[in-house]
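target.txt follows; it contains compact mmCIF, C-alpha atoms and all ligand atoms.
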# COMPACT_ATOMS: atom_id res chain seq x y z
CA MET U 120 7.09 269.09 -40.00
CA SER U 121 3.44 270.02 -39.54
CA LYS U 122 2.38 273.65 -39.29
CA PHE U 123 2.16 273.52 -35.48
CA GLY U 124 5.34 271.49 -35.15
CA GLU U 125 3.63 268.95 -32.89
CA ARG U 126 2.59 271.68 -30.48
CA ILE U 127 -1.05 270.52 -30.38
CA HIS U 128 -1.66 266.95 -29.23
CA VAL U 129 -4.81 264.88 -28.81
CA HIS U 130 -4.82 262.31 -25.99
CA THR U 131 -7.52 259.90 -24.85
CA GLY U 132 -7.74 259.27 -21.11
CA ASP U 133 -8.19 260.71 -17.64
CA ILE U 134 -6.81 264.23 -17.29
CA THR U 135 -6.05 263.71 -13.59
CA ARG U 136 -3.30 261.24 -14.58
CA LEU U 137 -1.31 263.65 -16.76
CA ALA U 138 2.09 264.78 -15.52
CA VAL U 139 2.02 268.19 -17.17
CA ASP U 140 2.71 271.70 -15.89
CA ALA U 141 -0.99 272.58 -15.77
CA ILE U 142 -4.30 270.85 -16.31
CA VAL U 143 -7.44 272.88 -16.93
CA ASN U 144 -10.57 272.11 -14.94
CA ALA U 145 -14.11 272.51 -16.31
CA ALA U 146 -15.31 274.21 -13.14
CA ASN U 147 -18.43 276.12 -12.09
CA SER U 148 -18.57 279.69 -10.80
CA SER U 149 -18.33 278.64 -7.16
CA LEU U 150 -14.98 276.85 -7.78
CA LEU U 151 -15.93 274.52 -4.95
CA GLY U 152 -16.13 271.31 -6.95
CA GLY U 153 -18.92 269.40 -8.65
CA GLY U 154 -19.39 266.39 -10.91
CA GLY U 155 -17.68 265.35 -14.13
CA VAL U 156 -14.03 266.25 -14.59
CA ASP U 157 -14.28 268.81 -11.76
CA GLY U 158 -15.23 266.09 -9.27
CA ALA U 159 -12.44 263.83 -10.54
CA ILE U 160 -9.86 266.61 -10.19
CA HIS U 161 -10.95 267.51 -6.65
CA ARG U 162 -10.88 263.84 -5.60
CA ALA U 163 -7.43 263.27 -7.07
CA ALA U 164 -5.94 266.55 -5.80
CA GLY U 165 -7.23 266.08 -2.24
CA PRO U 166 -9.05 268.34 0.23
CA GLU U 167 -6.34 271.01 0.23
CA LEU U 168 -7.60 272.03 -3.20
CA GLU U 169 -11.03 273.03 -1.95
CA PHE U 170 -9.39 274.99 0.84
CA GLU U 171 -7.40 277.07 -1.69
CA CYS U 172 -10.46 277.41 -3.95
CA ARG U 173 -12.46 278.91 -1.07
CA MET U 174 -9.97 281.79 -0.95
CA LEU U 175 -10.59 282.69 -4.62
CA ASN U 176 -14.13 284.08 -4.25
CA GLY U 177 -15.46 282.22 -7.25
CA CYS U 178 -14.90 282.87 -10.93
CA LYS U 179 -17.01 284.42 -13.69
CA VAL U 180 -18.16 282.45 -16.73
CA GLY U 181 -15.54 282.83 -19.46
CA GLU U 182 -12.78 283.43 -16.88
CA ALA U 183 -10.18 281.21 -15.22
CA LYS U 184 -8.20 281.09 -11.97
CA LEU U 185 -5.08 279.16 -10.96
CA THR U 186 -4.37 276.91 -7.97
CA LYS U 187 -1.69 274.44 -7.06
CA GLY U 188 -2.13 270.82 -8.15
CA TYR U 189 -1.60 269.26 -4.68
CA HIS U 190 -1.67 265.45 -5.04
CA LEU U 191 -2.04 265.54 -8.82
CA PRO U 192 0.96 264.85 -11.03
CA ALA U 193 0.26 268.28 -12.58
CA ARG U 194 1.91 271.27 -10.87
CA TYR U 195 -1.02 273.63 -11.37
CA ILE U 196 -4.75 273.52 -12.01
CA ILE U 197 -6.33 276.28 -14.07
CA HIS U 198 -10.03 276.37 -13.18
CA ALA U 199 -12.01 277.65 -16.17
CA VAL U 200 -15.75 278.26 -16.05
CA GLY U 201 -17.45 277.42 -19.33
CA PRO U 202 -20.95 278.51 -20.33
CA VAL U 203 -24.05 276.36 -19.97
CA TRP U 204 -25.40 275.70 -23.49
CA GLN U 205 -28.70 277.54 -23.90
CA GLY U 206 -29.19 277.13 -27.64
CA GLY U 207 -26.31 279.29 -28.86
CA GLY U 208 -27.95 282.71 -28.70
CA LYS U 209 -26.64 283.74 -25.29
CA GLY U 210 -23.03 284.44 -26.19
CA GLU U 211 -21.95 280.87 -25.45
CA ALA U 212 -19.34 280.73 -28.24
CA GLY U 213 -17.60 283.90 -27.07
CA LEU U 214 -17.64 282.75 -23.47
CA LEU U 215 -16.22 279.34 -24.35
CA ALA U 216 -13.49 280.95 -26.48
CA SER U 217 -12.69 283.27 -23.58
CA CYS U 218 -12.20 280.25 -21.24
CA TYR U 219 -9.54 278.85 -23.56
CA ILE U 220 -7.82 282.20 -24.11
CA ARG U 221 -7.71 283.10 -20.41
CA SER U 222 -6.45 279.61 -19.50
CA LEU U 223 -3.67 279.83 -22.08
CA GLU U 224 -2.74 283.33 -20.91
CA ILE U 225 -2.52 282.14 -17.31
CA ALA U 226 -0.45 279.12 -18.37
CA ALA U 227 1.91 281.39 -20.32
CA ALA U 228 2.23 283.82 -17.41
CA ARG U 229 3.33 280.89 -15.17
CA ASP U 230 5.79 279.62 -17.80
CA CYS U 231 3.88 276.37 -18.23
CA ARG U 232 5.47 274.43 -21.07
CA THR U 233 2.67 271.90 -21.31
CA VAL U 234 -1.01 272.44 -20.57
CA ALA U 235 -3.85 269.92 -20.92
CA PHE U 236 -7.51 270.78 -21.51
CA PRO U 237 -10.66 268.70 -21.12
CA ALA U 238 -13.58 269.37 -23.49
CA ILE U 239 -14.93 272.29 -21.43
CA SER U 240 -18.75 272.67 -21.29
CA THR U 241 -19.45 269.54 -23.36
CA GLY U 242 -20.64 267.32 -20.49
CA ILE U 243 -23.03 268.54 -17.80
CA TYR U 244 -23.17 272.00 -19.51
CA ARG U 245 -24.37 270.34 -22.79
CA TYR U 246 -22.36 272.43 -25.30
CA PRO U 247 -22.51 270.60 -28.68
CA LYS U 248 -19.24 268.69 -29.01
CA ASN U 249 -18.49 269.54 -32.60
CA GLU U 250 -18.91 273.31 -32.16
CA ALA U 251 -16.97 273.26 -28.88
CA THR U 252 -14.11 271.34 -30.53
CA GLN U 253 -13.83 273.88 -33.35
CA ILE U 254 -13.55 276.69 -30.80
CA ALA U 255 -11.02 274.87 -28.61
CA VAL U 256 -8.73 273.92 -31.48
CA GLY U 257 -9.10 277.26 -33.25
CA ILE U 258 -8.09 279.22 -30.15
CA ALA U 259 -5.18 276.88 -29.38
CA GLY U 260 -3.90 277.11 -32.95
CA THR U 261 -4.01 280.89 -32.93
CA PHE U 262 -2.41 281.09 -29.49
CA VAL U 263 0.52 278.79 -30.23
CA GLY U 264 1.02 280.62 -33.51
CA GLN U 265 1.50 283.88 -31.61
CA ASN U 266 3.21 282.70 -28.40
CA SER U 267 6.17 280.45 -27.63
CA THR U 268 4.64 279.34 -24.30
CA PRO U 269 2.92 276.95 -23.72
CA GLU U 270 5.10 274.87 -26.01
CA THR U 271 2.54 272.07 -26.08
CA VAL U 272 -1.25 272.06 -25.74
CA ILE U 273 -2.84 268.68 -25.08
CA PHE U 274 -6.54 268.07 -25.63
CA CYS U 275 -7.34 265.29 -23.19
CA CYS U 276 -10.49 263.53 -24.38
CA PHE U 277 -12.35 261.12 -22.14
CA ASP U 278 -13.47 258.89 -25.01
CA GLU U 279 -12.28 257.93 -28.45
CA PRO U 280 -15.16 259.52 -30.49
CA THR U 281 -14.31 262.88 -28.89
CA ALA U 282 -10.61 262.36 -29.65
CA GLN U 283 -11.53 261.65 -33.25
CA LEU U 284 -13.39 264.98 -33.48
CA TYR U 285 -10.34 266.78 -32.10
CA ARG U 286 -7.97 265.03 -34.52
CA GLN U 287 -10.15 266.10 -37.43
CA ALA U 288 -10.26 269.69 -36.17
CA VAL U 289 -6.48 269.79 -35.71
CA ALA U 290 -5.98 268.34 -39.21
CA ALA U 291 -8.31 271.02 -40.60
CA ILE U 292 -6.35 273.93 -39.10
CA GLU U 293 -3.07 272.30 -40.13
CA GLY U 294 -4.30 272.52 -43.70
CA CYS U 295 -5.19 276.25 -43.52
N1 LIG I 1 -10.63 263.43 -17.76
C1 LIG I 1 -10.87 264.03 -18.94
N2 LIG I 1 -12.10 264.39 -19.36
C2 LIG I 1 -13.14 264.11 -18.54
C3 LIG I 1 -12.97 263.48 -17.28
C4 LIG I 1 -11.64 263.13 -16.90
N3 LIG I 1 -11.38 262.55 -15.73
N4 LIG I 1 -14.21 263.35 -16.70
C5 LIG I 1 -15.10 263.86 -17.57
N5 LIG I 1 -14.46 264.32 -18.68
P1 LIG I 1 -18.04 268.01 -17.51
P2 LIG I 1 -18.88 270.77 -18.14
C6 LIG I 1 -15.02 264.98 -19.87
O1 LIG I 1 -19.43 267.58 -17.29
O2 LIG I 1 -19.77 270.29 -19.23
C7 LIG I 1 -19.29 270.01 -12.98
O3 LIG I 1 -20.28 269.64 -12.04
C8 LIG I 1 -16.47 264.75 -20.21
O4 LIG I 1 -16.61 263.55 -20.94
O5 LIG I 1 -17.00 267.54 -16.54
O6 LIG I 1 -18.00 271.94 -18.40
C9 LIG I 1 -18.75 271.39 -12.72
O7 LIG I 1 -18.66 271.68 -11.34
C10 LIG I 1 -16.78 265.97 -21.06
O8 LIG I 1 -16.39 265.75 -22.42
O9 LIG I 1 -17.90 269.64 -17.54
C11 LIG I 1 -19.76 272.26 -13.39
O10 LIG I 1 -20.90 272.46 -12.56
C12 LIG I 1 -15.86 267.04 -20.49
O11 LIG I 1 -14.94 266.37 -19.63
C13 LIG I 1 -20.17 271.46 -14.60
O12 LIG I 1 -19.92 270.09 -14.25
C14 LIG I 1 -16.56 268.13 -19.71
O13 LIG I 1 -17.63 267.57 -18.98
C15 LIG I 1 -19.32 271.78 -15.80
O14 LIG I 1 -19.84 271.10 -16.91
Would you mind writing the file out in structure tokens?
Amino acid sequence: MSKFGERIHVHTGDITRLAVDAIVNAANSSLLGGGGVDGAIHRAAGPELEFECRMLNGCKVGEAKLTKGYHLPARYIIHAVGPVWQGGGKGEAGLLASCYIRSLEIAAARDCRTVAFPAISTGIYRYPKNEATQIAVGIAGTFVGQNSTPETVIFCCFDEPTAQLYRQAVAAIEGC
């Protein structure tokens, strides 16, 4: 069996379709919706989601907040706010890492067995995909190594080239 015992998976597709305990949203600080995966999640979850989000008073960059999943197959949505890429000198790596850690902590606190992440910050926020992938997979590997919950972390990639990057990153930490 591999080092992570199949606890880290890479999937290609639309995160709104996944029947998991929690999906993570790449949100903005307002938590009131937007484009990209955020827009897709709000559309699929329905208007009740924005109503709950309005009660949360926003979310800081590097932080995450939980809502119900409403019409999604996922039970919960963890809204994480990634950094906008500004060249790498503005603490972006630490803030992106913090998004993943906080999301995993929230998932663990709610006893989520399976949690799925999109590639936070790599779309509209322009974080370089390769660097972002290393952070995402590194944090997930450390977290599952130290915690029994979530049992499974899924990286849900919207396209095959991104999935390939994730598979390479997972293979690299497996070999460590
Ligand atoms: N399922 C999985 N991944 C997706 C989906 C989907 N349905 N749709 C897009 N992606 P982005 P960000 C991928 O731009 O960079 C919003 O307006 C996409 O290919 O959604 O964190 C928010 O409100 C990319 O790899 O998020 C914020 O203002 C990844 O998801 C801002 O965008 C993230 O791209 C956040 O920007």
Exercise: Val203 of chain U partners within 10 Å, all atoms listed in the file, chain neighbours under 5 positions left out, as a VMD selection string: chain U and resid 147 180 209 211 214 to 215 240 to 246
5 Å per side around ligand LIG 1 (chain I): axis-aligned box centre and edge lengths, as lines of an AutoDock Vina configuration file:
center_x = -15.8
center_y = 267.5
center_z = -16.9
size_x = 20.3
size_y = 19.9
size_z = 21.1
Do you have, as JSON lines, the list of residues of chain U lying at most 8 Å from ligand LIG 1 (chain I), each with its nearest atom pair and that distance in Å to one decimal, counting all atoms listed in the file and ordered by chain then number?
{"residue": "U:Thr131", "atom": "CA", "partner": "I:LIG1", "partner_atom": "C1", "distance": 8.0}
{"residue": "U:Gly132", "atom": "CA", "partner": "I:LIG1", "partner_atom": "N1", "distance": 6.1}
{"residue": "U:Asp133", "atom": "CA", "partner": "I:LIG1", "partner_atom": "N1", "distance": 3.7}
{"residue": "U:Ile134", "atom": "CA", "partner": "I:LIG1", "partner_atom": "N1", "distance": 3.9}
{"residue": "U:Thr135", "atom": "CA", "partner": "I:LIG1", "partner_atom": "N3", "distance": 5.9}
{"residue": "U:Ala145", "atom": "CA", "partner": "I:LIG1", "partner_atom": "O6", "distance": 4.5}
{"residue": "U:Ala146", "atom": "CA", "partner": "I:LIG1", "partner_atom": "C9", "distance": 4.5}
{"residue": "U:Asn147", "atom": "CA", "partner": "I:LIG1", "partner_atom": "C11", "distance": 4.3}
{"residue": "U:Ser148", "atom": "CA", "partner": "I:LIG1", "partner_atom": "O10", "distance": 7.8}
{"residue": "U:Leu150", "atom": "CA", "partner": "I:LIG1", "partner_atom": "O7", "distance": 7.3}
{"residue": "U:Leu151", "atom": "CA", "partner": "I:LIG1", "partner_atom": "O7", "distance": 7.5}
{"residue": "U:Gly152", "atom": "CA", "partner": "I:LIG1", "partner_atom": "O7", "distance": 5.1}
{"residue": "U:Gly153", "atom": "CA", "partner": "I:LIG1", "partner_atom": "O7", "distance": 3.5}
{"residue": "U:Gly154", "atom": "CA", "partner": "I:LIG1", "partner_atom": "O3", "distance": 3.6}
{"residue": "U:Gly155", "atom": "CA", "partner": "I:LIG1", "partner_atom": "O5", "distance": 3.3}
{"residue": "U:Val156", "atom": "CA", "partner": "I:LIG1", "partner_atom": "N4", "distance": 3.6}
{"residue": "U:Asp157", "atom": "CA", "partner": "I:LIG1", "partner_atom": "C9", "distance": 5.2}
{"residue": "U:Gly158", "atom": "CA", "partner": "I:LIG1", "partner_atom": "C7", "distance": 6.8}
{"residue": "U:Ala159", "atom": "CA", "partner": "I:LIG1", "partner_atom": "N3", "distance": 5.4}
{"residue": "U:Ile160", "atom": "CA", "partner": "I:LIG1", "partner_atom": "N3", "distance": 7.0}
{"residue": "U:Val200", "atom": "CA", "partner": "I:LIG1", "partner_atom": "O6", "distance": 7.1}
{"residue": "U:Gly201", "atom": "CA", "partner": "I:LIG1", "partner_atom": "O6", "distance": 5.6}
{"residue": "U:Pro202", "atom": "CA", "partner": "I:LIG1", "partner_atom": "O6", "distance": 7.5}
{"residue": "U:Val203", "atom": "CA", "partner": "I:LIG1", "partner_atom": "O14", "distance": 7.4}
{"residue": "U:Phe236", "atom": "CA", "partner": "I:LIG1", "partner_atom": "C1", "distance": 8.0}
{"residue": "U:Pro237", "atom": "CA", "partner": "I:LIG1", "partner_atom": "N2", "distance": 4.9}
{"residue": "U:Ala238", "atom": "CA", "partner": "I:LIG1", "partner_atom": "C12", "distance": 4.4}
{"residue": "U:Ile239", "atom": "CA", "partner": "I:LIG1", "partner_atom": "O6", "distance": 4.3}
{"residue": "U:Ser240", "atom": "CA", "partner": "I:LIG1", "partner_atom": "O6", "distance": 3.1}
{"residue": "U:Thr241", "atom": "CA", "partner": "I:LIG1", "partner_atom": "O2", "distance": 4.2}
{"residue": "U:Gly242", "atom": "CA", "partner": "I:LIG1", "partner_atom": "O2", "distance": 3.3}
{"residue": "U:Ile243", "atom": "CA", "partner": "I:LIG1", "partner_atom": "O1", "distance": 3.8}
{"residue": "U:Tyr244", "atom": "CA", "partner": "I:LIG1", "partner_atom": "O2", "distance": 3.8}
{"residue": "U:Arg245", "atom": "CA", "partner": "I:LIG1", "partner_atom": "O2", "distance": 5.8}
{"residue": "U:Tyr246", "atom": "CA", "partner": "I:LIG1", "partner_atom": "O2", "distance": 6.9}
{"residue": "U:Lys248", "atom": "CA", "partner": "I:LIG1", "partner_atom": "O8", "distance": 7.8}
{"residue": "U:Cys275", "atom": "CA", "partner": "I:LIG1", "partner_atom": "C1", "distance": 5.7}
{"residue": "U:Cys276", "atom": "CA", "partner": "I:LIG1", "partner_atom": "N2", "distance": 5.3}
{"residue": "U:Phe277", "atom": "CA", "partner": "I:LIG1", "partner_atom": "N2", "distance": 4.3}
{"residue": "U:Asp278", "atom": "CA", "partner": "I:LIG1", "partner_atom": "O4", "distance": 6.9}
{"residue": "U:Thr281", "atom": "CA", "partner": "I:LIG1", "partner_atom": "O8", "distance": 7.4}
Long-range neighbours of Ala259 of chain U as a PyMOL selection string, 10 Å cut-off, all atoms listed in the file, 4 positions minimum in chain: chain U and resi 126-127+216+219-220+223+253-255+263-265+269+271-274+289
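Interatomic distance, atom CA of His130 of chain U to atom CA of Gln287 of chain U: 13.2 Å.
Minimum atom-to-atom distances from U:Thr261, U:Ser267, U:Asn249, U:Thr186 to Glu169 of chain U were compared using only C-alpha atoms, and the lowest value belongs to U:Thr186.
Of the listed residues (U:Arg221, U:Lys187, U:Arg162, U:Arg286), U:Arg286 comes nearest to Thr252 of chain U; the distances count only C-alpha atoms.
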Between atom CA of Glu224 of chain U and atom CA of Met174 of chain U - distance in Å to one decimal: 21.3 Å
